[in-house]
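Peer 1: Next comes work19.txt, compact mmCIF, C-alpha atoms:
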```
# COMPACT_ATOMS: atom_id res chain seq x y z
CA LEU A 371 108.52 152.36 178.85
CA ARG A 372 112.17 152.84 179.85
CA HIS A 373 115.21 153.39 177.69
CA PRO A 374 117.48 150.29 177.74
CA HIS A 375 120.44 152.46 178.78
CA ALA A 376 118.69 154.00 181.79
CA ARG A 377 120.47 151.73 184.28
CA VAL A 378 123.93 152.62 182.92
CA VAL A 379 123.31 156.33 183.42
CA GLN A 380 121.69 155.89 186.83
CA GLU A 381 124.84 154.16 188.07
CA GLY A 382 126.76 157.34 187.35
CA PHE A 383 124.34 159.88 188.87
CA SER A 384 122.34 160.13 192.05
CA VAL A 385 120.39 163.31 191.20
CA VAL A 386 119.71 164.35 187.61
CA GLU A 387 118.12 167.65 186.59
CA LEU A 388 116.48 167.47 183.19
CA ILE A 389 117.88 170.75 181.87
CA ASP A 390 118.29 171.10 178.12
CA SER A 391 121.69 172.79 178.08
CA ASP A 392 124.76 171.91 176.02
CA ALA A 393 127.02 172.68 179.00
CA VAL A 394 125.01 170.50 181.39
CA ASN A 395 124.78 167.67 178.85
CA ALA A 396 128.54 167.81 178.25
CA GLU A 397 129.24 167.70 181.98
CA MET A 398 126.95 164.69 182.43
CA ALA A 399 128.45 162.89 179.43
CA ARG A 400 131.93 163.24 180.90
CA GLY A 401 130.79 161.28 183.96
CA ILE A 402 129.55 158.26 181.96
CA SER A 403 132.02 155.48 181.22
CA ASP A 404 130.03 153.84 178.39
CA PRO A 405 130.97 155.79 175.22
CA VAL A 406 127.70 155.04 173.42
CA VAL A 407 125.60 156.25 176.33
CA ALA A 408 127.81 159.30 176.77
CA ALA A 409 127.36 160.15 173.08
CA GLY A 410 123.59 159.81 173.41
CA VAL A 411 123.45 162.14 176.41
CA LEU A 412 125.71 164.65 174.68
CA LYS A 413 123.69 164.68 171.47
CA TYR A 414 120.12 164.57 172.77
CA GLY A 415 120.26 165.63 176.38
CA ILE A 416 119.79 163.43 179.42
CA GLY A 417 116.01 163.75 179.58
CA THR A 418 115.41 163.08 175.89
CA TYR A 419 117.91 160.25 175.72
CA LEU A 420 116.78 158.38 178.84
CA GLY A 421 113.05 158.53 178.43
CA GLY A 422 111.51 161.42 176.55
CA GLY A 423 112.76 160.55 173.07
CA HIS A 424 112.12 156.84 173.54
CA ARG A 425 108.55 157.47 174.68
CA ALA A 426 107.99 160.07 171.98
CA MET A 427 108.86 157.50 169.30
CA GLY A 428 106.47 155.02 170.88
CA ARG A 429 103.76 157.66 170.93
CA LEU A 430 104.37 158.46 167.26
CA MET A 431 104.34 154.83 166.16
CA GLU A 432 101.06 154.12 167.94
CA ALA A 433 99.19 157.16 166.63
CA ALA A 434 98.79 156.46 162.91
CA ASP A 435 95.03 156.00 163.29
CA SER A 436 94.31 158.15 166.33
CA HIS A 437 96.29 161.17 165.08
CA PRO A 438 96.77 160.63 161.34
CA LEU A 439 97.39 164.27 160.45
CA GLY A 440 99.69 164.80 163.43
CA VAL A 441 101.81 161.80 162.41
CA ALA A 442 101.88 163.05 158.82
CA MET A 443 103.11 166.45 160.02
CA VAL A 444 105.96 164.87 161.99
CA ARG A 445 107.00 162.73 159.04
CA ALA A 446 106.84 165.75 156.70
CA ALA A 447 108.93 167.88 159.08
CA SER A 448 111.54 165.12 159.26
CA ALA A 449 111.66 164.84 155.46
CA TRP A 450 112.04 168.62 155.33
CA ARG A 451 115.21 168.40 157.42
CA MET A 452 116.69 166.01 154.86
CA THR A 453 116.89 168.96 152.44
CA GLY A 454 119.29 170.75 154.77
CA LEU A 455 116.69 173.21 156.00
CA ASP A 456 115.94 172.98 159.70
CA SER A 457 112.59 174.50 160.59
CA ILE A 458 109.47 174.62 158.44
CA ALA A 459 106.68 177.19 158.35
CA VAL A 460 103.42 175.80 159.71
CA PRO A 461 101.42 176.73 156.56
CA THR A 462 103.96 174.88 154.41
CA LEU A 463 103.85 171.90 156.75
CA GLN A 464 100.07 171.79 156.59
CA ARG A 465 100.22 171.92 152.79
CA LEU A 466 102.72 169.05 152.57
CA ALA A 467 101.29 166.83 155.29
CA ALA A 468 98.84 164.95 153.08
CA GLU A 469 101.76 163.43 151.13
CA TYR A 470 103.09 161.86 154.34
CA ALA A 471 99.94 160.24 155.74
CA VAL A 472 100.39 156.60 156.70
CA SER A 473 96.76 155.77 157.57
CA LYS A 474 94.22 154.93 154.92
CA PRO A 475 91.83 157.62 153.64
CA GLY A 476 88.68 157.95 155.70
CA SER A 477 90.37 157.54 159.08
CA PRO A 478 87.90 156.93 161.91
CA HIS A 479 89.68 159.69 163.85
CA PRO A 480 89.85 162.75 161.57
CA GLU A 481 91.82 165.68 162.92
CA SER A 482 91.78 169.37 162.33
CA ALA A 483 95.10 171.01 161.51
CA ALA A 484 95.04 172.82 164.84
CA ASP A 485 94.43 169.60 166.80
CA ALA A 486 97.15 167.77 164.86
CA LEU A 487 99.67 170.51 165.55
CA ALA A 488 98.72 170.65 169.23
CA TRP A 489 99.26 166.88 169.54
CA ALA A 490 102.60 166.98 167.72
CA THR A 491 103.94 169.89 169.78
CA ALA A 492 102.82 168.53 173.16
CA LEU A 493 105.64 167.86 175.64
CA GLU A 494 106.54 164.23 176.30
CA GLU A 495 107.97 163.57 179.75
CA GLU A 496 108.18 167.37 180.07
CA VAL A 497 111.38 167.41 178.00
CA VAL A 498 110.72 166.58 174.34
CA GLN A 499 108.26 167.51 171.61
CA LEU A 500 107.79 165.58 168.38
CA LEU A 501 107.67 168.97 166.72
CA GLU A 502 109.55 171.73 168.49
CA VAL A 503 108.18 175.25 168.28
CA VAL A 504 111.19 177.36 167.27
CA GLY A 505 109.66 180.69 166.30
CA ALA A 506 106.58 182.45 165.11
CA ASP A 507 104.75 179.92 162.96
CA GLN A 508 107.90 177.73 162.67
CA VAL A 509 108.43 174.16 163.90
CA ARG A 510 111.14 171.52 163.50
CA CYS A 511 111.18 167.77 163.95
CA CYS A 512 113.20 167.09 167.10
CA ASP A 513 116.65 165.56 166.67
CA TYR A 514 115.86 162.23 168.33
CA VAL A 515 112.73 161.54 166.28
CA HIS A 516 114.28 162.83 163.05
CA ASP A 517 117.31 160.57 163.41
CA GLN A 518 115.06 157.58 164.05
CA LEU A 519 112.68 158.28 161.15
CA ALA A 520 115.50 158.99 158.71
CA GLY A 521 117.52 155.95 159.77
CA ILE A 522 120.45 158.20 160.63
CA PRO A 523 123.04 156.32 162.74
CA SER A 524 122.66 157.55 166.29
CA PRO A 525 123.79 156.50 169.78
CA THR A 526 120.52 154.80 170.72
CA ALA A 527 119.90 151.26 171.88
CA THR A 528 117.26 150.75 169.20
CA THR A 529 116.98 152.22 165.72
CA TYR A 530 113.71 152.70 163.87
CA CYS A 531 113.64 153.47 160.17
CA ASP A 532 110.41 154.77 158.63
CA PRO A 533 109.11 151.90 156.46
CA HIS A 534 106.73 154.11 154.48
CA PRO A 535 107.68 156.02 151.33
CA ARG A 536 108.81 159.49 152.34
CA PRO A 537 109.50 161.84 149.42
CA ILE A 538 111.94 164.66 150.04
CA PRO A 539 110.21 168.00 149.30
CA TRP A 540 112.99 169.54 147.22
CA GLY A 541 110.76 171.90 145.27
CA ALA A 542 108.99 173.29 148.32
CA ALA A 543 112.29 173.68 150.14
CA ALA A 544 113.80 175.58 147.21
CA GLU A 545 110.87 177.99 147.31
CA ALA A 546 111.16 178.39 151.08
CA ALA A 547 114.91 179.07 151.33
CA THR A 548 115.26 182.69 152.39
CA THR A 549 119.05 183.12 152.66
CA THR A 550 121.95 182.28 150.38
CA GLY A 551 123.31 180.06 153.15
CA GLU A 552 120.13 177.98 153.17
CA THR A 553 120.11 177.82 149.38
CA LEU A 554 123.74 176.70 149.32
CA GLU A 555 123.09 173.95 151.89
CA LEU A 556 120.00 172.87 149.97
CA SER A 557 122.02 172.65 146.74
CA ILE A 558 124.63 170.44 148.40
CA ARG A 559 121.97 168.07 149.76
CA ALA A 560 120.20 167.98 146.39
CA HIS A 561 123.46 167.11 144.62
CA GLU A 562 124.19 164.35 147.12
CA ALA A 563 120.70 162.96 146.49
CA GLY A 564 121.26 162.88 142.73
CA HIS A 565 119.25 165.98 141.81
CA SER A 566 122.09 167.66 139.93
CA GLY A 567 119.81 169.86 137.83
CA LEU A 568 118.21 171.42 140.88
CA ALA A 569 121.60 171.73 142.58
CA GLU A 570 123.07 173.54 139.57
CA SER A 571 120.13 175.95 139.43
CA LEU A 572 120.41 176.75 143.14
CA LEU A 573 124.18 177.25 142.96
CA GLU A 574 123.82 179.62 140.03
CA GLN A 575 121.22 181.53 142.03
CA VAL A 576 123.62 181.97 144.96
CA LEU A 577 126.49 182.86 142.63
CA ARG A 578 124.43 185.59 140.95
CA SER A 579 123.63 187.08 144.34
CA GLY A 580 127.27 188.09 144.80
CA GLY A 581 126.75 187.70 148.53
CA PRO A 582 128.92 186.11 151.22
CA ASN A 583 128.20 182.57 149.99
CA SER A 584 128.92 183.19 146.29
CA GLY A 585 132.47 181.84 146.62
CA GLY A 586 131.26 178.55 148.05
CA ALA A 587 128.57 178.36 145.37
CA ALA A 588 131.12 178.93 142.60
CA TYR A 589 133.42 176.24 143.96
CA ASN A 590 130.61 173.69 144.31
CA LEU A 591 129.28 174.56 140.87
CA GLY A 592 132.73 173.90 139.45
CA VAL A 593 132.80 170.48 141.12
CA LEU A 594 129.34 169.62 139.78
CA LEU A 595 130.18 170.69 136.22
CA ALA A 596 133.54 168.90 136.24
CA GLU A 597 131.80 165.69 137.33
CA ARG A 598 129.77 165.73 134.13
CA SER A 599 132.84 166.68 132.05
CA ASP A 600 131.70 170.24 131.32
CA PHE A 601 135.25 171.50 131.69
CA ASP A 602 134.64 174.90 130.13
CA GLY A 603 131.79 175.51 132.56
CA ALA A 604 133.86 174.21 135.46
CA ARG A 605 136.75 176.48 134.47
CA ALA A 606 134.46 179.53 134.49
CA ALA A 607 132.94 178.54 137.84
CA TYR A 608 136.31 178.02 139.49
CA GLN A 609 137.54 181.36 138.15
CA ALA A 610 134.45 183.00 139.64
CA GLY A 611 135.30 181.32 142.94
CA ILE A 612 138.81 182.76 142.82
CA ASN A 613 137.48 186.21 142.00
CA ALA A 614 135.09 186.09 144.98
CA HIS A 615 138.03 185.95 147.46
CA GLN A 616 135.87 184.36 150.16
CA SER A 617 137.07 182.22 153.04
CA ASP A 618 139.19 179.38 151.64
CA PHE A 619 136.96 178.75 148.64
CA ASP A 620 139.14 180.86 146.34
CA LEU A 621 142.13 178.64 147.15
CA MET A 622 140.12 175.44 146.75
CA ALA A 623 138.84 176.74 143.42
CA ALA A 624 142.38 177.62 142.34
CA VAL A 625 143.68 174.12 143.04
CA ASN A 626 140.78 172.55 141.13
CA LEU A 627 141.18 175.04 138.31
CA GLY A 628 144.80 173.95 138.03
CA VAL A 629 143.64 170.35 137.64
CA ILE A 630 141.16 171.36 134.91
CA GLU A 631 143.72 173.42 133.00
CA ARG A 632 146.18 170.53 133.22
CA GLN A 633 143.58 168.17 131.77
CA LEU A 634 142.86 170.63 128.98
CA GLY A 635 146.55 170.91 128.18
CA ASP A 636 147.11 174.52 129.22
CA SER A 637 150.17 174.09 131.41
CA ASP A 638 150.76 177.85 131.83
CA ALA A 639 147.22 178.39 133.12
CA ALA A 640 147.52 175.36 135.40
CA ARG A 641 150.81 176.64 136.77
CA ALA A 642 149.29 180.07 137.43
CA ALA A 643 146.32 178.58 139.25
CA TYR A 644 148.54 176.46 141.47
CA ARG A 645 150.76 179.48 142.18
CA TYR A 646 147.73 181.42 143.42
CA ALA A 647 147.12 178.77 146.10
CA ILE A 648 150.83 178.36 146.85
CA ASP A 649 151.36 182.06 147.47
CA ALA A 650 148.56 182.10 150.06
CA GLY A 651 150.56 179.93 152.47
CA HIS A 652 147.47 177.94 153.45
CA GLU A 653 148.04 174.87 155.61
CA GLU A 654 145.89 172.59 153.44
CA GLN A 655 145.64 174.06 149.95
CA THR A 656 149.28 175.20 149.60
CA PRO A 657 150.89 171.76 150.03
CA MET A 658 148.22 170.27 147.77
CA ALA A 659 148.97 172.87 145.10
CA LEU A 660 152.72 172.30 145.48
CA THR A 661 152.29 168.56 144.99
CA ASN A 662 150.09 169.12 141.95
CA LEU A 663 152.62 171.59 140.54
CA GLY A 664 155.36 169.04 141.04
CA ASN A 665 153.31 166.47 139.12
CA LEU A 666 152.71 168.96 136.32
CA GLU A 667 156.39 169.89 135.97
CA ALA A 668 157.40 166.23 136.11
CA GLU A 669 154.98 165.40 133.28
CA LEU A 670 156.49 168.21 131.24
CA GLY A 671 160.00 166.88 131.84
CA ASN A 672 161.03 169.83 134.00
CA SER A 673 162.90 167.89 136.66
CA GLU A 674 164.33 170.77 138.69
CA PRO A 675 161.10 172.80 139.06
CA ALA A 676 159.29 169.56 139.88
CA ARG A 677 161.88 168.68 142.51
CA LEU A 678 161.61 172.13 144.10
CA ALA A 679 157.81 171.90 144.27
CA TYR A 680 157.87 168.41 145.78
CA GLU A 681 160.48 169.37 148.36
CA ALA A 682 158.47 172.44 149.39
CA ALA A 683 155.36 170.27 149.84
CA ILE A 684 157.38 167.80 151.93
CA ARG A 685 158.69 170.61 154.15
CA SER A 686 155.08 171.66 154.88
CA GLY A 687 154.77 168.56 157.05
CA HIS A 688 151.19 167.96 155.90
CA PRO A 689 150.54 164.29 156.70
CA ILE A 690 148.90 163.46 153.36
CA HIS A 691 150.18 165.95 150.80
CA SER A 692 153.79 165.71 151.95
CA ALA A 693 153.55 161.92 151.57
CA LYS A 694 152.08 162.27 148.07
CA ALA A 695 154.88 164.68 147.24
CA SER A 696 157.37 162.08 148.48
CA LEU A 697 155.84 159.56 146.08
CA GLY A 698 156.18 162.02 143.22
CA LEU A 699 159.74 162.89 144.19
CA GLY A 700 160.60 159.20 144.38
CA GLU A 701 159.38 158.67 140.82
CA LEU A 702 161.28 161.73 139.64
CA GLU A 703 164.55 160.60 141.23
CA ARG A 704 164.05 157.07 139.96
CA LYS A 705 163.68 158.29 136.37
CA ASP A 706 166.80 160.40 136.84
CA ARG A 707 168.59 157.27 138.17
CA ASN A 708 169.17 158.79 141.62
CA VAL A 709 168.54 155.52 143.45
CA ALA A 710 169.51 156.70 146.93
CA ALA A 711 167.33 159.82 146.67
CA ALA A 712 164.42 157.81 145.29
CA ARG A 713 164.77 155.27 148.10
CA ALA A 714 164.75 158.03 150.72
CA ALA A 715 161.59 159.54 149.21
CA TYR A 716 159.75 156.21 149.15
CA VAL A 717 160.81 155.42 152.72
CA ARG A 718 159.42 158.79 153.83
CA ALA A 719 156.12 158.07 152.07
CA THR A 720 155.74 154.75 153.92
CA GLU A 721 155.37 156.77 157.13
CA ALA A 722 152.11 158.34 155.93
CA PRO A 723 148.92 157.79 157.97
CA ASP A 724 147.06 156.71 154.81
CA PRO A 725 147.40 152.94 154.20
CA HIS A 726 146.87 153.39 150.45
CA ILE A 727 149.83 155.75 150.21
CA VAL A 728 151.91 153.39 152.34
CA ALA A 729 151.06 150.44 150.08
CA GLU A 730 151.87 152.41 146.92
CA ALA A 731 155.16 153.64 148.38
CA ALA A 732 156.15 150.13 149.44
CA SER A 733 155.33 148.78 145.98
CA ARG A 734 157.38 151.44 144.21
CA TRP A 735 160.23 151.02 146.68
CA GLY A 736 160.25 147.30 145.94
CA ASP A 737 160.32 147.97 142.20
CA LEU A 738 163.22 150.36 142.72
CA GLU A 739 165.26 147.79 144.62
CA ARG A 740 164.46 145.10 142.10
CA ASP A 741 165.56 147.33 139.22
CA ALA A 742 168.72 148.21 141.17
CA GLY A 743 169.60 144.53 141.42
CA ASP A 744 168.71 143.94 145.06
CA PRO A 745 165.85 141.40 145.01
CA GLN A 746 166.25 140.66 148.72
CA ALA A 747 165.58 144.32 149.66
CA ALA A 748 162.65 144.34 147.23
CA THR A 749 160.87 141.61 149.21
CA GLN A 750 161.34 143.20 152.62
```
For the file at hand, write its structure as structure tokens.
Peer 2:
Amino acid sequence: LRHPHARVVQEGFSVVELIDSDAVNAEMARGISDPVVAAGVLKYGIGTYLGGGHRAMGRLMEAADSHPLGVAMVRAASAWRMTGLDSIAVPTLQRLAAEYAVSKPGSPHPESAADALAWATALEEEVVQLLEVVGADQVRCCDYVHDQLAGIPSPTATTYCDPHPRPIPWGAAAEAATTTGETLELSIRAHEAGHSGLAESLLEQVLRSGGPNSGGAAYNLGVLLAERSDFDGARAAYQAGINAHQSDFDLMAAVNLGVIERQLGDSDAARAAYRYAIDAGHEEQTPMALTNLGNLEAELGNSEPARLAYEAAIRSGHPIHSAKASLGLGELERKDRNVAAARAAYVRATEAPDPHIVAEAASRWGDLERDAGDPQAATQ
């Protein structure tokens, strides 16, 4: 059984050493002209990509009856990775495996847990294991097999998606998370999968820890609560994120807090939140906060403060936020009947890399010219 891309790679190499090393894989990938093949070699390694992973999948698919518990362990370990946790303790894997069996009860080839684990961790083509041993009593489903079972887009010639029901073990993963980083990642995956209750509980757990991930937990908790319109809860979470002063999460929380305060009608609190992010001089959050502040001041009828905020965001040169600020400035100048200034702002916004911003700017520019009595310019 050969990988369909084997010939492409062989054309580029005369001697290949099957060494699992990021540096070696990167060097080999640079010598391959086909971008898909190069991506496969870079992600999985030359040995796994060319033969080992392909053969390992074949071995897994053919073993439902001959190694039912071993197959169940591999499927369970792959489902475990969907929670955001990487490796799984062998006792936990053995406990979960029964839920992932694909053969009927009473298999003619019963396995002991030890035999199943030995089969699943055996080397294929001397380069890949279905389950990789990563520590004392810890294993992980290998990247190639996990991507195939989970249906994750990957640079392979063929894609297999597990046709059998495969529940994600959220509860077991929550019990197994040992660090706040793991708990935070688990909460994000749970939220993405629609388990908002579990995600909220996990985020609150990390936030209470006061550790190095509490800022990220506070920010994400604010997002989750705002999504369900719990604005008071979101406000408290974002304020906790600001107070944590961790990484960039305090600035992200400040910008979002400004949005919440604006929605709740507290313009002074919104202005203060935006100012927190503005004063930090951050390349991403500062121009976003400036643009939001400009929008706030414009809504309140404060043309000059709005103009100053928009112009500062434009000077940042941020490709998206400066363009959004140009849109806001164009509307402000248009309302103040400064046609030339409004035109210049809209023209600047049409240079944005975002096609939606470009389309909006072009539409507003056309409306401006039409209102100014130049229908020909409006259609250009």
Peer 1: In file coordinates, which residues lie within 12 Å of (113.1, 152.5, 161.0) using all atoms listed in the file, given as a short mmCIF file (atom, residue, chain, number, x, y, z; two decimals) with C-alpha atoms, in the frame of the given file?
Peer 2:
```cif
data_model
loop_
_atom_site.label_atom_id
_atom_site.label_comp_id
_atom_site.auth_asym_id
_atom_site.auth_seq_id
_atom_site.Cartn_x
_atom_site.Cartn_y
_atom_site.Cartn_z
CA MET A 427 108.86 157.50 169.30
CA MET A 431 104.34 154.83 166.16
CA VAL A 515 112.73 161.54 166.28
CA HIS A 516 114.28 162.83 163.05
CA ASP A 517 117.31 160.57 163.41
CA GLN A 518 115.06 157.58 164.05
CA LEU A 519 112.68 158.28 161.15
CA ALA A 520 115.50 158.99 158.71
CA GLY A 521 117.52 155.95 159.77
CA ILE A 522 120.45 158.20 160.63
CA PRO A 523 123.04 156.32 162.74
CA THR A 528 117.26 150.75 169.20
CA THR A 529 116.98 152.22 165.72
CA TYR A 530 113.71 152.70 163.87
CA CYS A 531 113.64 153.47 160.17
CA ASP A 532 110.41 154.77 158.63
CA PRO A 533 109.11 151.90 156.46
CA HIS A 534 106.73 154.11 154.48
CA PRO A 535 107.68 156.02 151.33
CA ARG A 536 108.81 159.49 152.34
#
```
Peer 1: Counting only C-alpha atoms, what is within 9 Å of Val472 (chain A), bar same-chain residues fewer than 3 positions away, as JSON, numbers by chain?
Peer 2: {"A": [434, 435, 438, 441, 442, 469, 534]}
Peer 1: Expressed in Å to a single decimal, how great is the separation between CA of Glu721 (chain A) and CA of Gly700 (chain A)?
Peer 2: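 Distance reported for this atom pair: 14.0 Å.
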Peer 1: Quick one: distance from CA of Ala588 (chain A) to CA of Gly611 (chain A) in Å, one decimal?
Peer 2: 4.8 Å
Peer 1: Residues at most 12 Å from Lys705 (chain A), counting only C-alpha atoms, excluding those fewer than 5 positions away in the same chain, as a count of residues only?
Peer 2: 11
Peer 1: Do you know which residues are at most 10 Å from region 683-685 of chain A counting all atoms listed in the file, after dropping those on the same chain fewer than 6 positions away, and could you put them as a PDB file with C-alpha atoms, in the frame of the given file?
Peer 2:
```
ATOM      1  CA  ILE A 648     150.830 178.360 146.850  1.00  0.00           C
ATOM      2  CA  THR A 656     149.280 175.200 149.600  1.00  0.00           C
ATOM      3  CA  PRO A 657     150.890 171.760 150.030  1.00  0.00           C
ATOM      4  CA  MET A 658     148.220 170.270 147.770  1.00  0.00           C
ATOM      5  CA  ALA A 659     148.970 172.870 145.100  1.00  0.00           C
ATOM      6  CA  LEU A 660     152.720 172.300 145.480  1.00  0.00           C
ATOM      7  CA  THR A 661     152.290 168.560 144.990  1.00  0.00           C
ATOM      8  CA  ASN A 662     150.090 169.120 141.950  1.00  0.00           C
ATOM      9  CA  LEU A 663     152.620 171.590 140.540  1.00  0.00           C
ATOM     10  CA  GLY A 664     155.360 169.040 141.040  1.00  0.00           C
ATOM     11  CA  ARG A 677     161.880 168.680 142.510  1.00  0.00           C
ATOM     12  CA  HIS A 691     150.180 165.950 150.800  1.00  0.00           C
ATOM     13  CA  SER A 692     153.790 165.710 151.950  1.00  0.00           C
ATOM     14  CA  ALA A 693     153.550 161.920 151.570  1.00  0.00           C
ATOM     15  CA  LYS A 694     152.080 162.270 148.070  1.00  0.00           C
ATOM     16  CA  ALA A 695     154.880 164.680 147.240  1.00  0.00           C
ATOM     17  CA  SER A 696     157.370 162.080 148.480  1.00  0.00           C
ATOM     18  CA  LEU A 699     159.740 162.890 144.190  1.00  0.00           C
ATOM     19  CA  ALA A 715     161.590 159.540 149.210  1.00  0.00           C
ATOM     20  CA  ARG A 718     159.420 158.790 153.830  1.00  0.00           C
ATOM     21  CA  ALA A 719     156.120 158.070 152.070  1.00  0.00           C
TER      22      ALA A 719
END
```
Peer 1: Nearest to His437 (chain A) among A:Tyr419, A:Trp489, A:Tyr470, A:Tyr608, with distances taken over all atoms listed in the file: which residue is it?
Peer 2: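 Checking each of A:Tyr419, A:Trp489, A:Tyr470, A:Tyr608 against His437 (chain A), counting all atoms listed in the file, the winner is A:Trp489.
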Peer 1: Please, what distance in Å, to one decimal, runs between CA of Pro675 (chain A) and CA of Ile612 (chain A)?
Peer 2: 24.7 Å
Peer 1: Excluding same-chain residues fewer than 5 positions from region 497-504 of chain A, what lies within 7 Å of it counting only C-alpha atoms, as a PyMOL selection string?
Peer 2: chain A and resi 417-418+422-423+426+444+490-492+509-512+515
Peer 1: Taking into account all atoms listed in the file, which residue in the set A:His726, A:Arg400, A:Arg734, A:Arg641 is nearest to Glu701 (chain A)?
Peer 2: A:Arg734
Peer 1: Point out the residue among A:Asp706, A:Ala433, A:Pro525, A:Glu681 with the least atom-to-atom distance to Pro405 (chain A), counting only C-alpha atoms.
Peer 2: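 Closest to Pro405 (chain A) of all the choices is A:Pro525.
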Peer 1: Write out as a list in words each polymer residue whose atoms come within 12 Å of Leu670 (chain A), counting only C-alpha atoms; drop sequence neighbours fewer than 6 positions from it.
Peer 2: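 So the residues in contact are Arg632, Gly635, Asp636, Ser637, Asp638, Arg641, Leu663, Gly664, Ala676 and Leu702 of chain A.
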